[in-house]
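Structure file structure15.cif (mmCIF, C-alpha atoms) follows.
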```
data_start
#
loop_
_atom_site.label_atom_id
_atom_site.label_comp_id
_atom_site.auth_asym_id
_atom_site.auth_seq_id
_atom_site.Cartn_x
_atom_site.Cartn_y
_atom_site.Cartn_z
CA MET A 266 -0.78 -11.63 1.99
CA LEU A 267 -3.47 -11.74 -0.64
CA THR A 268 -3.49 -9.55 -3.73
CA ALA A 269 -6.03 -9.39 -6.53
CA GLY A 270 -6.67 -7.18 -9.51
CA VAL A 271 -9.20 -6.78 -12.26
CA THR A 272 -8.83 -4.93 -15.55
CA VAL A 273 -11.83 -4.15 -17.74
CA LYS A 274 -11.16 -2.92 -21.28
CA SER A 275 -13.92 -1.12 -23.12
CA PRO A 276 -14.33 -0.85 -26.89
CA TRP A 277 -13.80 2.93 -26.53
CA ASN A 278 -10.08 2.47 -25.63
CA THR A 279 -10.78 2.98 -21.93
CA ASP A 280 -9.31 0.65 -19.29
CA PHE A 281 -10.54 0.37 -15.71
CA HIS A 282 -8.17 -1.18 -13.14
CA LEU A 283 -9.17 -2.27 -9.64
CA TYR A 284 -6.41 -3.59 -7.37
CA GLY A 285 -6.62 -4.82 -3.79
CA LYS A 286 -4.13 -6.00 -1.21
CA TRP A 287 -4.78 -7.64 2.19
CA ILE A 288 -1.96 -8.15 4.69
CA ASP A 289 -2.42 -10.18 7.87
CA GLU A 290 -1.21 -9.08 11.30
CA ARG A 291 2.56 -9.26 11.74
CA VAL A 292 4.75 -9.58 14.82
CA ASN A 293 8.29 -8.29 15.30
CA TYR A 294 10.66 -9.16 18.15
CA TYR A 295 13.03 -6.69 19.81
CA SER A 296 15.85 -7.37 22.27
CA ASN A 297 15.39 -5.46 25.54
CA TYR A 298 18.68 -4.63 27.29
CA SER A 299 17.19 -2.45 30.06
CA ASN A 300 17.90 -5.11 32.72
CA ALA A 301 21.40 -5.99 31.46
CA PRO A 302 23.06 -8.43 31.78
CA VAL A 303 19.64 -10.11 31.56
CA VAL A 304 18.24 -9.68 28.04
CA THR A 305 14.52 -10.11 27.41
CA THR A 306 12.43 -10.00 24.26
CA ASP A 307 9.63 -7.52 23.58
CA THR A 308 7.10 -7.94 20.80
CA ARG A 309 5.19 -5.44 18.72
CA ASN A 310 2.28 -6.08 16.36
CA LEU A 311 1.31 -4.43 13.13
CA ASP A 312 -2.42 -4.73 12.48
CA SER A 313 -3.83 -6.38 9.39
CA TYR A 314 -5.10 -4.06 6.67
CA THR A 315 -6.77 -3.92 3.28
CA VAL A 316 -5.95 -1.31 0.64
CA ILE A 317 -7.91 -0.79 -2.59
CA ASP A 318 -6.65 1.28 -5.56
CA ILE A 319 -8.50 2.23 -8.75
CA ARG A 320 -7.27 3.67 -12.04
CA LEU A 321 -8.92 4.74 -15.29
CA ILE A 322 -6.84 4.95 -18.47
CA GLN A 323 -7.96 6.50 -21.75
CA ARG A 324 -5.79 5.31 -24.64
CA ILE A 325 -5.34 7.70 -27.56
CA GLY A 326 -3.25 5.94 -30.21
CA SER A 327 0.06 5.05 -28.58
CA ASP A 328 -0.51 7.69 -25.86
CA ASN A 329 -2.77 7.69 -22.82
CA ILE A 330 -4.22 9.79 -20.04
CA SER A 331 -4.84 8.26 -16.63
CA VAL A 332 -6.50 9.18 -13.34
CA GLY A 333 -6.35 7.11 -10.20
CA VAL A 334 -7.06 6.96 -6.50
CA SER A 335 -4.79 5.01 -4.16
CA ASN A 336 -6.08 3.79 -0.79
CA ILE A 337 -9.65 4.78 -1.69
CA PHE A 338 -11.02 3.91 1.78
CA ASN A 339 -8.28 5.97 3.50
CA GLU A 340 -6.95 3.01 5.51
CA ASP A 341 -4.52 3.94 8.30
CA TYR A 342 -1.72 1.35 8.11
CA MET A 343 1.99 0.64 8.30
CA GLU A 344 3.95 -1.75 6.07
CA GLN A 345 7.17 -1.74 8.06
CA PHE A 346 8.25 -1.82 11.70
CA GLY A 347 10.57 0.77 13.17
CA ASP A 348 14.17 -0.01 14.09
CA THR A 349 13.53 -0.06 17.85
CA PHE A 350 10.63 -1.02 20.09
CA GLU A 351 9.95 2.66 20.87
CA ASP A 352 9.98 3.64 17.19
CA ARG A 353 6.49 4.33 15.84
CA GLY A 354 7.17 2.57 12.54
CA TYR A 355 6.62 3.91 9.06
CA PRO A 356 3.00 4.92 8.31
CA MET A 357 1.86 4.73 4.72
CA PRO A 358 0.15 7.63 2.91
CA PRO A 359 -3.57 8.30 3.26
CA ARG A 360 -5.89 8.43 0.25
CA ASN A 361 -4.16 10.15 -2.64
CA TYR A 362 -4.97 11.05 -6.22
CA ARG A 363 -2.94 10.74 -9.40
CA ILE A 364 -3.18 12.13 -12.90
CA GLY A 365 -0.82 11.03 -15.61
CA ILE A 366 -0.08 11.60 -19.28
CA ASN A 367 1.99 9.16 -21.32
CA TYR A 368 3.08 10.74 -24.58
CA SER A 369 5.32 9.17 -27.21
CA LEU A 370 7.34 11.21 -29.69
#
```
Please, can you express the file's structure as structure tokens?
Amino acid sequence: MLTAGVTVKSPWNTDFHLYGKWIDERVNYYSNYSNAPVVTTDTRNLDSYTVIDIRLIQRIGSDNISVGVSNIFNEDYMEQFGDTFEDRGYPMPPRNYRIGINYSL
């Protein structure tokens, strides 16, 4: 796994964040009982992937407004295997957008 991030702060109270994550191919092993009492092992691979996120934050005093895009290249990937060999695993969300307001009283 390799992660990296960059934050650029402007003199106009604006921050730009760029974050990336690369995960190498992974292998999981499953016990196969279909020929019991002989037990074999099946393997399943999860492909490597790269995900890039960006975020822009405008600070206004102690408050801020932010906009961001996660998975900007719309990578199709899974972070976790399923519980069984037949399970399709747990796909992660496609590109998505966020807007946030942080307000202090």
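Relative to atom CA of A:Asp348, atom CA of A:Lys286 is found at 24.6 Å.
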Open item on the list: Measuring between only C-alpha atoms, which one of A:Gln323, A:Asn297, A:Thr308, A:Thr315 shows the shortest distance to A:Ser275?
Closed with: A:Gln323
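When the PyMOL selection byres ((chain A and resi 314) around 12) is evaluated against the file, it yields Met266, Leu267, Thr268, Gly285, Lys286, Trp287, Ile288, Asp289, Glu290, Arg291, Leu311, Asp312, Ser313, Thr315, Val316, Ile317, Asn336, Phe338, Asn339, Glu340, Asp341, Tyr342, Met343, Glu344 and Met357 of chain A.
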TODO: Name every residue that the PyMOL selection byres ((chain A and resi 279) around 9) selects in this structure, writing the answer as an MDAnalysis selection string with chains first and numbers rising.
DONE: chainID A and resid 273:278 280:281 321:324
Open item on the list: What's around A:Leu283 at 10 Å? Count only C-alpha atoms, leave out sequence neighbours fewer than 4 positions away in its own chain, and write the answer as an NGL selection string.
Closed with: :A and (269-273 or 317-321 or 333-334)
TODO: Anything within 10 Å of (8.8, -3.8, 15.0): list those residues as number ranges by chain, counting all atoms listed in the file and sticking to the file's coordinates.
DONE: A: 291-295, 307-311, 345-355
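Here atom CA of A:Ile325 stands at a distance of 27.8 Å from atom CA of A:Arg360.
The two atoms in question, atom CA of A:Pro358 and atom CA of A:Ile330, are spaced 23.5 Å apart.
Proximity of A:Val332, A:Tyr298, A:Ser327, A:Ile337 to A:Arg363, computed with all atoms listed in the file, is greatest for A:Val332.
The closest residue to A:Tyr284, picked from A:Ser335, A:Thr306, A:Asn329, A:Leu370 and counting only C-alpha atoms, is A:Ser335.
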Would you pull stretch 297-327 of chain A out of the block just shown and save C-alpha atoms as a PDB file, in the first residue's frame?
```pdb
ATOM      1  CA  ASN A 297     -13.192 -26.068  -0.349  1.00  0.00           C
ATOM      2  CA  TYR A 298     -15.211 -28.892   1.249  1.00  0.00           C
ATOM      3  CA  SER A 299     -17.014 -30.026  -1.935  1.00  0.00           C
ATOM      4  CA  ASN A 300     -14.983 -33.262  -2.086  1.00  0.00           C
ATOM      5  CA  ALA A 301     -15.187 -34.034   1.650  1.00  0.00           C
ATOM      6  CA  PRO A 302     -13.469 -35.672   3.425  1.00  0.00           C
ATOM      7  CA  VAL A 303     -10.742 -34.300   1.129  1.00  0.00           C
ATOM      8  CA  VAL A 304     -10.384 -30.546   1.702  1.00  0.00           C
ATOM      9  CA  THR A 305      -8.699 -28.384  -0.937  1.00  0.00           C
ATOM     10  CA  THR A 306      -7.839 -24.707  -1.049  1.00  0.00           C
ATOM     11  CA  ASP A 307      -9.197 -22.224  -3.587  1.00  0.00           C
ATOM     12  CA  THR A 308      -7.723 -18.777  -4.133  1.00  0.00           C
ATOM     13  CA  ARG A 309      -9.262 -15.516  -5.218  1.00  0.00           C
ATOM     14  CA  ASN A 310      -7.496 -12.303  -6.241  1.00  0.00           C
ATOM     15  CA  LEU A 311      -8.448  -8.699  -5.754  1.00  0.00           C
ATOM     16  CA  ASP A 312      -6.881  -6.489  -8.415  1.00  0.00           C
ATOM     17  CA  SER A 313      -4.596  -3.598  -7.584  1.00  0.00           C
ATOM     18  CA  TYR A 314      -6.125  -0.130  -7.770  1.00  0.00           C
ATOM     19  CA  THR A 315      -5.404   3.569  -7.422  1.00  0.00           C
ATOM     20  CA  VAL A 316      -7.896   6.069  -6.007  1.00  0.00           C
ATOM     21  CA  ILE A 317      -7.454   9.853  -6.069  1.00  0.00           C
ATOM     22  CA  ASP A 318      -9.548  12.300  -3.993  1.00  0.00           C
ATOM     23  CA  ILE A 319      -9.553  16.106  -4.087  1.00  0.00           C
ATOM     24  CA  ARG A 320     -11.016  18.679  -1.722  1.00  0.00           C
ATOM     25  CA  LEU A 321     -11.199  22.470  -1.643  1.00  0.00           C
ATOM     26  CA  ILE A 322     -11.794  24.267   1.659  1.00  0.00           C
ATOM     27  CA  GLN A 323     -12.592  27.949   2.071  1.00  0.00           C
ATOM     28  CA  ARG A 324     -11.923  29.115   5.630  1.00  0.00           C
ATOM     29  CA  ILE A 325     -14.065  31.973   6.947  1.00  0.00           C
ATOM     30  CA  GLY A 326     -12.855  32.829  10.449  1.00  0.00           C
ATOM     31  CA  SER A 327     -13.248  29.685  12.538  1.00  0.00           C
TER      32      SER A 327
END
```
